[in-house]
Amino acid sequence: MHIFELRLSNYRNYAQTTVRLDRGLNLFVGENAQGKSNLLEAIYLLSTLRSSRASTDADLVRRDILDSEFPIARLECQVERSAGNLHLEVAIVGRTTDPQHRAGKRVRVNGLPKRASDAVGQLSSVLFTTLDIDIVAGPPLLRRRYLDMMVSQVDRGYLRAMQKYQRVVQQRNSLLKRIAERQASSSELSFWDQELAHASGTIMHARAEALGHVAVQAAFHMDRLSDGQDSVSVTYRPSIGGLDESDSPIDDTEWTSRMLRALESLRAREIGAGSTLAGPHRDDFHVEINGFSAGPHASRAQQRTAALALRLAEASYLRKVLADDPVVLLDDVLSELDARRRRGVLEFLDSFQQTLITTADPDRVRDIMTRAAGRFVVQAGAITRFEGE
Ligand code: ATP
Ligand code: MG
């Protein structure tokens, strides 16, 4: 798929902007703090209905209008897809001066109002940022987020199971506390265990499948980008353990029963702790570089390359499941790579319908200039196309 038109109004530092994008490579050049990351964040938000940075809805609305009568940011795009063209609109209400105004996001898909969860993934995207190294070197939470954002774009059932899972964990935790305080009986748990295990089965099955694809692709890209110097292996580590017992793929019913068994064996400890101790909210996956755990052992450059390989693997996963290309977004990541790795990334991305790349330092990425179909300057929340060098 590719975006052919994007409109932003009162979003971040953009008052009113319309950009017509090209197929192929679109390069955005601008000094610091001009709106390059905001632009890619806007596309990511249209795709996932979530900000790529930790932001409240009010942060997304242009500051100058936050105190106005209608503090609303609007994002809109026109997309050509193999599944039919798409007109996607998101309105974000920053602050409710008027009690009649609901805060939050309103979404329209081809003119029809939709719940945010039904609009996720209508536009598919992969975002590369300089923070991606933390997928490899950081805490499990970031690896779970990597998985969740990838799978929920292509699997509505996954997103629903995640939402249900979170509700069930909360209710189950409060029941566990009441049982510990002898205000409830442990027989009440079995209903919630079933609910929890069913949602978990869907989630863990989807995660295992996605990671199976990611593992192969990430290994391929790591080898290519490092010129055969480094290898990466990616392994799912569900919090309930037990993946080594069998080499054959497990279906969601089997995941559900394994989750139930884990809950049974944890019962006394969970009541003592007053919280759910196993399940998708504690999952992780292991990243090893050259046979050693990537966090403590690998160099920064190796970690960065592995993170890049994971994002490229994500792009190929989305392409495979959708039978269409996601839009690829690279926020300032190429200027920190050496020329060979940069070439390795671009050669792979050449096969995608559309890629948007930002840089503050065009001198360091001259090779991209010549490849770009569209070149733009971003300055103080305005985007203008330029030709020539
Ligand atoms: P860098 O090269 O440093 O990464 P950038 O071009 O990516 O810069 P952005 O992160 O897009 O810059 O931010 C551009 C500007 O947008 C910043 O000055 C920031 O303060 C501003 N900004 C962020 N949110 C809002 C908002 N809600 N209203 C107005 N301006 C905002
Ligand atoms: Mg930026």
# chains A, B, ... in the order shown; residues from 1 in each chain; ligands from 1
>>> residues_near_ligand(ligand="ligand 1", cutoff="6 Å", atoms="only C-alpha atoms and all ligand atoms", output="PyMOL selection string")
chain A and resi 12-13+31-38+59-63+360
>>> write_last_selection(atoms="C-alpha atoms", output="JSON list (two decimals), in the first residue's frame")
[["chain", "number", "residue", "atom", "x", "y", "z"],
["A", 12, "ARG", "CA", 1.76, 19.06, 17.10],
["A", 13, "ASN", "CA", 3.66, 21.90, 15.40],
["A", 31, "GLU", "CA", 17.01, 20.90, 11.04],
["A", 32, "ASN", "CA", 16.28, 19.78, 14.58],
["A", 33, "ALA", "CA", 12.85, 20.48, 16.07],
["A", 34, "GLN", "CA", 11.16, 21.32, 12.74],
["A", 35, "GLY", "CA", 8.55, 18.54, 12.67],
["A", 36, "LYS", "CA", 10.19, 15.51, 11.03],
["A", 37, "SER", "CA", 9.42, 13.06, 13.85],
["A", 38, "ASN", "CA", 5.99, 14.61, 14.28],
["A", 59, "ASP", "CA", 0.19, 16.68, 23.71],
["A", 60, "LEU", "CA", -0.88, 15.88, 20.16],
["A", 61, "VAL", "CA", -2.97, 19.02, 19.72],
["A", 62, "ARG", "CA", -1.16, 22.19, 18.61],
["A", 63, "ARG", "CA", -0.39, 24.16, 21.74],
["A", 360, "ALA", "CA", 18.68, 16.25, 9.95]]
>>> residues_near_ligand(ligand="ligand 2", cutoff="12 Å", atoms="only C-alpha atoms and all ligand atoms", output="PyMOL selection string")
chain A and resi 28-41+52-53+128-131+330-333+357-361+378
>>> write_last_selection(atoms="N, CA, C and O atoms", output="compact mmCIF listing (two decimals), in the first residue's frame")
# COMPACT_ATOMS: atom_id res chain seq x y z
N PHE A 28 12.74 13.35 3.78
CA PHE A 28 12.38 14.59 4.46
C PHE A 28 13.61 15.12 5.19
O PHE A 28 14.14 14.46 6.08
N VAL A 29 14.05 16.31 4.77
CA VAL A 29 15.24 16.91 5.35
C VAL A 29 14.83 18.11 6.16
O VAL A 29 13.98 18.89 5.73
N GLY A 30 15.42 18.26 7.34
CA GLY A 30 15.11 19.45 8.13
C GLY A 30 16.00 19.52 9.35
O GLY A 30 16.51 18.49 9.81
N GLU A 31 16.21 20.74 9.83
CA GLU A 31 17.01 20.90 11.04
C GLU A 31 16.27 20.31 12.23
O GLU A 31 15.13 19.89 12.11
N ASN A 32 16.91 20.33 13.38
CA ASN A 32 16.28 19.78 14.58
C ASN A 32 15.02 20.57 14.93
O ASN A 32 14.92 21.76 14.64
N ALA A 33 14.07 19.86 15.53
CA ALA A 33 12.85 20.48 16.07
C ALA A 33 12.00 21.20 15.02
O ALA A 33 11.37 22.21 15.32
N GLN A 34 11.96 20.68 13.79
CA GLN A 34 11.16 21.32 12.74
C GLN A 34 9.85 20.57 12.47
O GLN A 34 8.95 21.12 11.84
N GLY A 35 9.80 19.30 12.89
CA GLY A 35 8.55 18.54 12.67
C GLY A 35 8.73 17.23 11.93
O GLY A 35 7.75 16.61 11.51
N LYS A 36 9.96 16.76 11.77
CA LYS A 36 10.19 15.51 11.03
C LYS A 36 9.61 14.31 11.79
O LYS A 36 8.87 13.50 11.23
N SER A 37 9.96 14.19 13.07
CA SER A 37 9.42 13.06 13.85
C SER A 37 7.92 13.18 14.01
O SER A 37 7.20 12.17 13.99
N ASN A 38 7.44 14.41 14.17
CA ASN A 38 5.99 14.61 14.28
C ASN A 38 5.26 14.07 13.06
O ASN A 38 4.17 13.49 13.17
N LEU A 39 5.85 14.27 11.90
CA LEU A 39 5.24 13.81 10.65
C LEU A 39 5.12 12.28 10.64
O LEU A 39 4.05 11.73 10.36
N LEU A 40 6.21 11.60 10.97
CA LEU A 40 6.17 10.14 10.97
C LEU A 40 5.27 9.62 12.09
O LEU A 40 4.57 8.62 11.93
N GLU A 41 5.28 10.31 13.22
CA GLU A 41 4.38 9.94 14.32
C GLU A 41 2.92 10.02 13.87
O GLU A 41 2.10 9.18 14.25
N SER A 52 3.53 7.15 18.85
CA SER A 52 4.79 6.41 18.95
C SER A 52 5.60 6.88 20.15
O SER A 52 6.56 6.24 20.54
N ARG A 53 5.24 8.02 20.72
CA ARG A 53 5.93 8.48 21.93
C ARG A 53 4.91 8.43 23.06
O ARG A 53 3.71 8.43 22.82
N PHE A 128 10.71 2.76 12.27
CA PHE A 128 12.07 2.58 12.80
C PHE A 128 12.47 3.87 13.50
O PHE A 128 12.35 4.93 12.91
N THR A 129 12.94 3.77 14.76
CA THR A 129 13.45 4.98 15.42
C THR A 129 14.79 4.65 16.08
O THR A 129 15.16 3.48 16.20
N THR A 130 15.47 5.69 16.53
CA THR A 130 16.77 5.46 17.17
C THR A 130 16.60 4.80 18.55
O THR A 130 17.57 4.35 19.13
N LEU A 131 15.37 4.76 19.05
CA LEU A 131 15.13 4.08 20.34
C LEU A 131 14.96 2.58 20.18
O LEU A 131 14.89 1.85 21.17
N LEU A 330 11.22 5.57 8.48
CA LEU A 330 12.53 5.55 9.13
C LEU A 330 12.84 6.92 9.70
O LEU A 330 13.07 7.87 8.95
N ASP A 331 12.80 7.03 11.03
CA ASP A 331 13.00 8.33 11.66
C ASP A 331 14.45 8.48 12.09
O ASP A 331 14.85 8.00 13.16
N ASP A 332 15.24 9.12 11.25
CA ASP A 332 16.61 9.49 11.61
C ASP A 332 17.53 8.30 11.88
O ASP A 332 18.57 8.47 12.52
N VAL A 333 17.18 7.11 11.42
CA VAL A 333 18.01 5.96 11.78
C VAL A 333 19.17 5.73 10.81
O VAL A 333 20.16 5.11 11.17
N ILE A 357 11.66 8.61 4.83
CA ILE A 357 12.90 8.69 5.59
C ILE A 357 13.12 10.13 6.02
O ILE A 357 12.99 11.05 5.21
N THR A 358 13.45 10.33 7.30
CA THR A 358 13.79 11.69 7.74
C THR A 358 15.27 11.76 8.08
O THR A 358 15.87 10.77 8.50
N THR A 359 15.84 12.94 7.90
CA THR A 359 17.21 13.16 8.34
C THR A 359 17.44 14.65 8.64
O THR A 359 16.85 15.52 8.01
N ALA A 360 18.28 14.88 9.64
CA ALA A 360 18.68 16.25 9.95
C ALA A 360 20.00 16.58 9.26
O ALA A 360 20.44 17.72 9.26
N ASP A 361 20.61 15.56 8.67
CA ASP A 361 21.97 15.72 8.19
C ASP A 361 22.12 15.13 6.79
O ASP A 361 22.67 14.05 6.61
N VAL A 378 11.47 20.09 5.64
CA VAL A 378 10.56 20.33 6.76
C VAL A 378 11.12 21.49 7.56
O VAL A 378 12.26 21.44 8.04
>>> closest_residue(among="A:Ile72, A:Val79, A:Leu142, A:Ile250", to="Glu5 in chain A", atoms="only C-alpha atoms")
A:Val79
>>> closest_residue(among="A:Asp350, A:Glu336, A:Glu387, A:Asp132", to="Arg371 in chain A", atoms="only C-alpha atoms")
A:Asp350
>>> closest_residue(among="A:Met369, A:Val327, A:Asp252, A:Ile383", to="Arg23 in chain A", atoms="only C-alpha atoms")
A:Val327
>>> closest_residue(among="A:Leu88, A:Arg167, A:Ala199, A:Ala309", to="Ser233 in chain A", atoms="only C-alpha atoms")
A:Ala309
>>> closest_residue(among="A:Ser55, A:Thr48, A:Ser190, A:Asn173", to="Asp148 in chain A", atoms="only C-alpha atoms")
A:Thr48
>>> closest_residue(among="A:Val287, A:Gly274, A:Gly201, A:Ala315", to="Glu181 in chain A", atoms="only C-alpha atoms")
A:Gly274
